[in-house]
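What follows is a short report on a single structure.
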Amino acid sequence: MLYDIQMTTFASSPEKIRVDIWSDIACPWCYIGKRRFEQALDSFAQREQVEVVYHSFELDPGAAPHTSESVAQHLAHKYGRTLAQAQQMVDGVAQAAAGEGLQYDFGALQQVNTFLSHQLIHFAAARGHGPQMKERLLHAHFTQGLNLSEVDVLAELAAGIGLNADEARAALESGQYAQAVRADEQQAQAYGITGVPFFVLGGKYGVSGAQNPEVFTQALTQVWAETNPSPLSMLGADDAEGCQDGSCAVPDKTS
């Protein structure tokens, strides 16, 4: 017979899963990966017990504040491809993004240094709006083609999600969160992360790249099972006395 033990004395609430995500505003696959992870999270039964934290990663820390070079030209120079080959890469990424409901406008996209954008995410995170700021910046970069190296543009975007524009501007101009960005990048280096997006689940498992939602679902399920094991149940005989049927019961000495 199966016994369900009600652990009223030692019961505890479910332990949350923390998911740390390293990504860059200028990384097209990071936005795609974000959407795919969100699909998995939306269908995850314990999604309310998942905490998502975004971390900074600059694909090109030495990038100029702004360049007139097109995305295809940039890829051709970076990877030693012809312009036609690079354009095929751009088209392929745009198609993948469209499959996730994202509209990339590579023609309008402005390639910029993303250091200030990462600082703004830390500014927003300190006020409980990190994920919202991340989403807004990605949309501004890939869909709207805004120049995210300009402090005024970033301050306006911060205001758009309910933050104080003057405070955001002051934080960016003073470099208040610059060290927080560097700390994220140092942690990425310690983990051996060389490409993004990169997801760390429960501080234990890493998922690299914009994987399909099924991969994220499997990882979430595994981490949840290890973090929150099933309650103990017991197999044995009902109302057993002495040692029989593989169970030793305590004799009733009151009778």
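Please note that chains go A, B, ... in the order of the structure tokens, that every chain numbers its residues from 1, and that ligands are numbered from 1 in the order shown.
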Selection: 7 Å around A:Gln103, only C-alpha atoms, excl. self and same-chain fewer than 3 positions, as a list of chain:residue names: A:Ala97, A:Ala98, A:Thr143
Shell of 7 Å around A:Asp24, only C-alpha atoms, local chain residues under 2 positions omitted, as a PyMOL selection string: chain A and resi 26-27+30+56-59
A:Leu138 surroundings by only C-alpha atoms, 12 Å radius, close-in-sequence under 2 positions cut, as an MDAnalysis selection string: chainID A and resid 23:35 102:105 109 114 117:118 121 131:136 140:148 154 157
Write down as a PDB file with N, CA and C atoms, in the first residue's frame the residues of stretch 54-249 of chain A whose backbone DSSP state falls under strand (DSSP E).
```pdb
ATOM      1  N   TYR A  54      19.594  39.506 -16.434  1.00  0.00           N
ATOM      2  CA  TYR A  54      20.395  39.757 -17.630  1.00  0.00           C
ATOM      3  C   TYR A  54      21.760  40.328 -17.258  1.00  0.00           C
ATOM      4  N   HIS A  55      22.776  39.849 -17.995  1.00  0.00           N
ATOM      5  CA  HIS A  55      24.148  40.289 -17.749  1.00  0.00           C
ATOM      6  C   HIS A  55      24.765  40.845 -19.027  1.00  0.00           C
ATOM      7  N   SER A  56      25.745  41.694 -18.832  1.00  0.00           N
ATOM      8  CA  SER A  56      26.378  42.395 -19.954  1.00  0.00           C
ATOM      9  C   SER A  56      27.438  41.541 -20.637  1.00  0.00           C
ATOM     10  N   PHE A 198      24.112  33.320 -23.929  1.00  0.00           N
ATOM     11  CA  PHE A 198      24.527  32.194 -23.093  1.00  0.00           C
ATOM     12  C   PHE A 198      23.670  32.209 -21.837  1.00  0.00           C
ATOM     13  N   PHE A 199      23.060  31.065 -21.546  1.00  0.00           N
ATOM     14  CA  PHE A 199      22.118  30.945 -20.435  1.00  0.00           C
ATOM     15  C   PHE A 199      22.706  30.028 -19.362  1.00  0.00           C
ATOM     16  N   VAL A 200      22.690  30.471 -18.123  1.00  0.00           N
ATOM     17  CA  VAL A 200      23.123  29.644 -16.997  1.00  0.00           C
ATOM     18  C   VAL A 200      21.906  29.405 -16.110  1.00  0.00           C
ATOM     19  N   LEU A 201      21.502  28.146 -15.979  1.00  0.00           N
ATOM     20  CA  LEU A 201      20.300  27.797 -15.223  1.00  0.00           C
ATOM     21  C   LEU A 201      20.681  27.194 -13.882  1.00  0.00           C
ATOM     22  N   TYR A 205      23.872  24.644 -14.973  1.00  0.00           N
ATOM     23  CA  TYR A 205      23.858  24.201 -16.356  1.00  0.00           C
ATOM     24  C   TYR A 205      23.928  25.386 -17.312  1.00  0.00           C
ATOM     25  N   GLY A 206      24.710  25.246 -18.371  1.00  0.00           N
ATOM     26  CA  GLY A 206      24.835  26.293 -19.369  1.00  0.00           C
ATOM     27  C   GLY A 206      24.209  25.869 -20.690  1.00  0.00           C
ATOM     28  N   VAL A 207      23.509  26.795 -21.312  1.00  0.00           N
ATOM     29  CA  VAL A 207      22.946  26.568 -22.640  1.00  0.00           C
ATOM     30  C   VAL A 207      23.473  27.671 -23.538  1.00  0.00           C
ATOM     31  N   SER A 208      24.162  27.292 -24.589  1.00  0.00           N
ATOM     32  CA  SER A 208      24.780  28.260 -25.483  1.00  0.00           C
ATOM     33  C   SER A 208      23.971  28.432 -26.755  1.00  0.00           C
ATOM     34  N   SER A 233       7.711   9.533  -0.367  1.00  0.00           N
ATOM     35  CA  SER A 233       6.573   8.646  -0.160  1.00  0.00           C
ATOM     36  C   SER A 233       7.091   7.294   0.308  1.00  0.00           C
ATOM     37  N   MET A 234       6.227   6.490   0.909  1.00  0.00           N
ATOM     38  CA  MET A 234       6.658   5.261   1.555  1.00  0.00           C
ATOM     39  C   MET A 234       5.797   4.096   1.121  1.00  0.00           C
ATOM     40  N   LEU A 235       6.440   3.000   0.879  1.00  0.00           N
ATOM     41  CA  LEU A 235       5.733   1.774   0.547  1.00  0.00           C
ATOM     42  C   LEU A 235       5.779   0.837   1.733  1.00  0.00           C
ATOM     43  N   CYS A 243       7.607  -7.195  12.816  1.00  0.00           N
ATOM     44  CA  CYS A 243       8.352  -7.133  11.566  1.00  0.00           C
ATOM     45  C   CYS A 243       7.738  -8.127  10.600  1.00  0.00           C
ATOM     46  N   GLN A 244       6.974  -7.618   9.685  1.00  0.00           N
ATOM     47  CA  GLN A 244       6.368  -8.458   8.667  1.00  0.00           C
ATOM     48  C   GLN A 244       6.160  -7.641   7.408  1.00  0.00           C
ATOM     49  N   SER A 247       8.436  -4.600   6.913  1.00  0.00           N
ATOM     50  CA  SER A 247       8.324  -3.387   7.703  1.00  0.00           C
ATOM     51  C   SER A 247       8.281  -3.728   9.170  1.00  0.00           C
ATOM     52  N   CYS A 248       9.034  -2.995   9.990  1.00  0.00           N
ATOM     53  CA  CYS A 248       9.030  -3.192  11.435  1.00  0.00           C
ATOM     54  C   CYS A 248       8.248  -2.075  12.093  1.00  0.00           C
TER      55      CYS A 248
END
```
Can you write out as a Markdown table which residues of stretch 86-179 of chain A fall within 12 Å of stretch 209-216 of chain A, alongside each residue's closest atom pair and its distance in Å to one decimal, counting only C-alpha atoms and ordering rows by chain and ascending residue number?
```
| residue | atom | partner | partner_atom | distance |
| --- | --- | --- | --- | --- |
| A:Val93 | CA | A:Ala210 | CA | 11.4 |
| A:Ala96 | CA | A:Ala210 | CA | 10.3 |
| A:Ala97 | CA | A:Ala210 | CA | 10.7 |
| A:Gly99 | CA | A:Asn212 | CA | 11.7 |
| A:Glu100 | CA | A:Asn212 | CA | 10.6 |
```
Nearest candidate to A:Leu120 (options A:Ile193, A:Ala178, A:Leu75, A:Met89; using only C-alpha atoms):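 Residue with the minimum atom-to-atom distance to A:Leu120: A:Ala178.
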Those in stretch 32-97 of chain A with helix (DSSP H, G or I) from DSSP, as a VMD selection string: chain A and resid 32 to 42 47 to 49 71 to 79 83 to 97
Among listed residues A:Ala125, A:Leu83, A:Ile161, A:Val19, nearest A:Glu38 (using only C-alpha atoms):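 Residue with the minimum atom-to-atom distance to A:Glu38: A:Val19.
Among the candidates A:Gly128, A:Leu116, A:Ala225, A:Gly202, the one nearest to A:Ser174 when counting only C-alpha atoms is A:Leu116.
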Between atom CA of A:Ala45 and atom CA of A:Arg18, distance in Å (one decimal):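 Atom-to-atom, atom CA of A:Ala45 to atom CA of A:Arg18, that is 15.3 Å.
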